[in-house]
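Presented below is the structure to which this report refers.
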Amino acid sequence: MLARKFNEMLEPAGITINGGNPWDIQVHDRKWFGRILREKNLGLGESYMDGWWDCGRLDEMFHRLLRSGLEERIKGGLLYLSRLLPGSLVNLQSRRRSRMVAEQHYDLGNDLFFSFLDSHQQYSCGFFQDTDDLDRAQERKLQLIADKLDLSAEDHLLDIGCGWGGLARYAAQHYGCTVTAVNISQEQLQHARQRCKGLPVQFQDCDYRSLSGRFDKVVSVGMFEHVGQKNYRTFMQVVSRCLKDDGIFLLHSIVGNTSKTCCDPWINKYIFPNGVLPSMRQIARATDQLFVVEDVHNLGPHYDKTLMAWNDRFQQAWQNLKESYDIRFKRMWEYYLLSCAGAFRARNIQLWQIVMTKFGIGRRQPDRRP
């Protein structure tokens, strides 16, 4: 009975319970149906981690689910709403709470991340123009950012949320500029300092709200998703304060199509605690009378390819990882990578690179996209 009802509900997405297509859901425990009705997105992810169901192509299943609009029709209920309210009522990304995502996610272990990342250790969207190779796509992304910033040897670049230092290292090596890079992940900072020895790169364990100094260029890649809607304006004020009047700022961020105050409950619990995707409306409000938007470039389809490449590498590396991580973690990680790939494929979320200059200065428009 429940299987039939679920099939009727899933019909617009072309997904069948225990069907023969690779994107169909194979249910192993009949308690799964009630769990999904009660717990929605959180139950869907946790039941996959627990082995209650499988799917040959998780990425395509999520692509079909999101493209059909099914999520919007079934996600209601008091339990779901209770998980959205905290982001509206309190600042989940305060200074005191800001290190939670570093400790839970980015400090998991470099062995995990380096098993599937490229040689530049870029944990953000690649640029697959004229290539299908992840390493080349990430190098093209770094070059694209440097070109948009018009980097030169005379520049002092501020990198907010520098990861393992790949962009800072690339900028210093290829353009000869000085780099100040900030982060709050201890695992990432330790590796970044070692990898950039001998280069004009200084790393700081620093919350962005504590930044000081003046810089020719500012870049932030894959960090704004952790700032939170109550802090968007503060972030932009910090960047404006730190950027010289004739400087250029590039923001590289995943962006949602609608304004929200909280992330998906499963992502929030297991992957990025207290994270939330900004919308273009929220970014525009945060930059009002602070920045002139010079260029907006949507790289969303490239993130689908990036995530699929990461999952392929993660699966290949699992034999070496399984002594440190259990099978529930493996299922969690592949669910994370493939569900996000499906979301980008469905155009449910985007990846924007936004080039900005300071408001009220009258600066000449920089050469924008190469």
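By convention here, the chains of the structure tokens are called A, B, ... in the order presented, each chain's residues are numbered starting at 1, and ligands are numbered starting at 1 in the order presented.
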
Quick one: everything within 8 Å of Ala168 (chain A), counting only C-alpha atoms, minus sequence neighbours fewer than 3 positions away in the same chain. Send it as a CSV table (one decimal) with C-alpha atoms, in the first residue's frame.
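Saved result, out22.csv, follows:
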chain,number,residue,atom,x,y,z
A,159,ASP,CA,42.4,35.5,0.6
A,162,CYS,CA,42.0,30.1,2.0
A,165,GLY,CA,46.4,27.4,0.5
A,171,ALA,CA,49.0,33.5,-7.0
A,172,ALA,CA,52.4,33.9,-5.4
A,179,VAL,CA,49.3,37.1,-0.2
A,180,THR,CA,47.7,37.3,3.3
A,181,ALA,CA,45.5,34.2,3.7
A,201,VAL,CA,52.4,34.1,1.7

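Closest approach to Tyr303 (chain A) from the set A:Gly222, A:Ser259, A:Asp205, A:Phe33 is made by A:Gly222, with distances taken over only C-alpha atoms.
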
Excluding Cys55 (chain A) and any residue of its chain fewer than 5 positions from it, enumerate the residues within 12 Å of it, using only C-alpha atoms, and give them as JSON, numbers by chain.
{"A": [15, 16, 17, 18, 19, 20, 21, 22, 23, 24, 25, 26, 27, 28, 48, 60, 61, 62, 331, 334, 335, 338, 339]}

Print the selection's residues with C-alpha atoms to a file, as an mmCIF file, in the first residue's frame.
data_model
loop_
_atom_site.group_PDB
_atom_site.id
_atom_site.type_symbol
_atom_site.label_atom_id
_atom_site.label_comp_id
_atom_site.auth_asym_id
_atom_site.auth_seq_id
_atom_site.Cartn_x
_atom_site.Cartn_y
_atom_site.Cartn_z
ATOM 1 C CA ILE A 15 11.214 7.506 -10.159
ATOM 2 C CA THR A 16 9.821 4.131 -9.055
ATOM 3 C CA ILE A 17 10.197 2.244 -5.792
ATOM 4 C CA ASN A 18 12.140 -0.972 -6.535
ATOM 5 C CA GLY A 19 12.045 -0.198 -10.258
ATOM 6 C CA GLY A 20 14.545 -1.204 -12.925
ATOM 7 C CA ASN A 21 16.103 2.169 -13.755
ATOM 8 C CA PRO A 22 19.438 3.179 -12.204
ATOM 9 C CA TRP A 23 17.778 6.250 -10.622
ATOM 10 C CA ASP A 24 14.996 4.198 -8.987
ATOM 11 C CA ILE A 25 14.913 3.748 -5.195
ATOM 12 C CA GLN A 26 15.582 0.199 -3.939
ATOM 13 C CA VAL A 27 13.992 -0.112 -0.494
ATOM 14 C CA HIS A 28 15.490 -2.747 1.844
ATOM 15 C CA TYR A 48 20.584 5.966 3.212
ATOM 16 C CA GLU A 60 20.297 11.363 -11.304
ATOM 17 C CA MET A 61 17.651 10.545 -8.706
ATOM 18 C CA PHE A 62 18.141 13.946 -7.063
ATOM 19 C CA ARG A 331 27.506 6.305 2.468
ATOM 20 C CA GLU A 334 28.742 9.723 -1.383
ATOM 21 C CA TYR A 335 25.208 10.890 -0.552
ATOM 22 C CA LEU A 338 25.987 12.969 -5.454
ATOM 23 C CA SER A 339 22.957 14.787 -4.048
#

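CA of Ile349 (chain A) lies 9.5 Å from CA of Ser279 (chain A).
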
Shell of 10 Å around region 309-311 of chain A, only C-alpha atoms, local chain residues under 6 positions omitted, as a VMD selection string
chain A and resid 113 115 to 118 123 132 to 134 303 317 333 to 338 341

Surrounding residues of region 191-198 of chain A excluding itself and chain neighbours under 3 positions, 12 Å, only C-alpha atoms, as a ChimeraX atom specification
/A:107,109-111,114,119-121,161-173,178-183,185-188,201-205

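Minimum distance to Ser68 (chain A) across A:Arg35, A:Ile327, A:Asn348, A:Asn257 (counting only C-alpha atoms) occurs at A:Asn348.
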
Mind dumping a table of every region 136-178 of chain A residue within 9 Å of region 241-248 of chain A, with the nearest atom pair and its distance in Å to one decimal, using only C-alpha atoms, sorted by chain and rising number, as a Markdown table?
| residue | atom | partner | partner_atom | distance |
| --- | --- | --- | --- | --- |
| A:Lys148 | CA | A:Ile248 | CA | 8.6 |
| A:Leu149 | CA | A:Ile248 | CA | 6.0 |
| A:Asp150 | CA | A:Ile248 | CA | 8.3 |
| A:Leu158 | CA | A:Cys242 | CA | 8.6 |

Could the residues in this selection be saved with C-alpha atoms as an mmCIF file, in the first residue's frame?
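Final output, saved to part-v5.cif:
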data_model
loop_
_atom_site.group_PDB
_atom_site.id
_atom_site.type_symbol
_atom_site.label_atom_id
_atom_site.label_comp_id
_atom_site.auth_asym_id
_atom_site.auth_seq_id
_atom_site.Cartn_x
_atom_site.Cartn_y
_atom_site.Cartn_z
ATOM 1 C CA LYS A 148 39.481 38.639 -13.218
ATOM 2 C CA LEU A 149 41.438 40.159 -10.326
ATOM 3 C CA ASP A 150 44.085 41.411 -12.766
ATOM 4 C CA LEU A 158 43.835 39.044 0.780
#

Counting only C-alpha atoms, which residues of region 198-269 of chain A sit at most 8 Å from some atom of region 351-356 of chain A, and what is each one's closest atom pair with its distance in Å to one decimal, listed by chain and rising residue number, as CSV?
residue,atom,partner,partner_atom,distance
A:Ile248,CA,A:Met356,CA,6.0
A:Phe249,CA,A:Met356,CA,5.1
A:Leu250,CA,A:Val355,CA,4.6
A:Leu251,CA,A:Ile354,CA,5.1
A:His252,CA,A:Gln353,CA,4.5
A:Ser253,CA,A:Trp352,CA,5.6
A:Ile254,CA,A:Leu351,CA,4.3
A:Val255,CA,A:Leu351,CA,5.8

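Around His63 (chain A), within 8 Å and counting only C-alpha atoms, the residues found are Asp59, Glu60, Leu66, Arg67, Ser339, Ala341, Gly342, Ala343, Phe344, Arg345 and Ala346 of chain A, once anything fewer than 3 positions away on its own chain is removed.
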
Would you list, as a ChimeraX atom specification, the residues of region 88-286 of chain A that end up in strand (DSSP E) under DSSP run on this structure's backbone?
/A:156-160,178-183,201-205,215-221,243-256

For Asp29 (chain A), work out the shell of residues within 10 Å, counting only C-alpha atoms and skipping chain neighbours fewer than 5 positions away, then give it as a ChimeraX atom specification.
/A:47,51-53

Between A:Tyr175, A:Asp54, A:Gly34, A:Asp312, smallest distance to Ala3 (chain A) by only C-alpha atoms belongs to A:Gly34

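Between CA of Arg313 (chain A) and CA of Ile267 (chain A) lies a distance of 21.2 Å.
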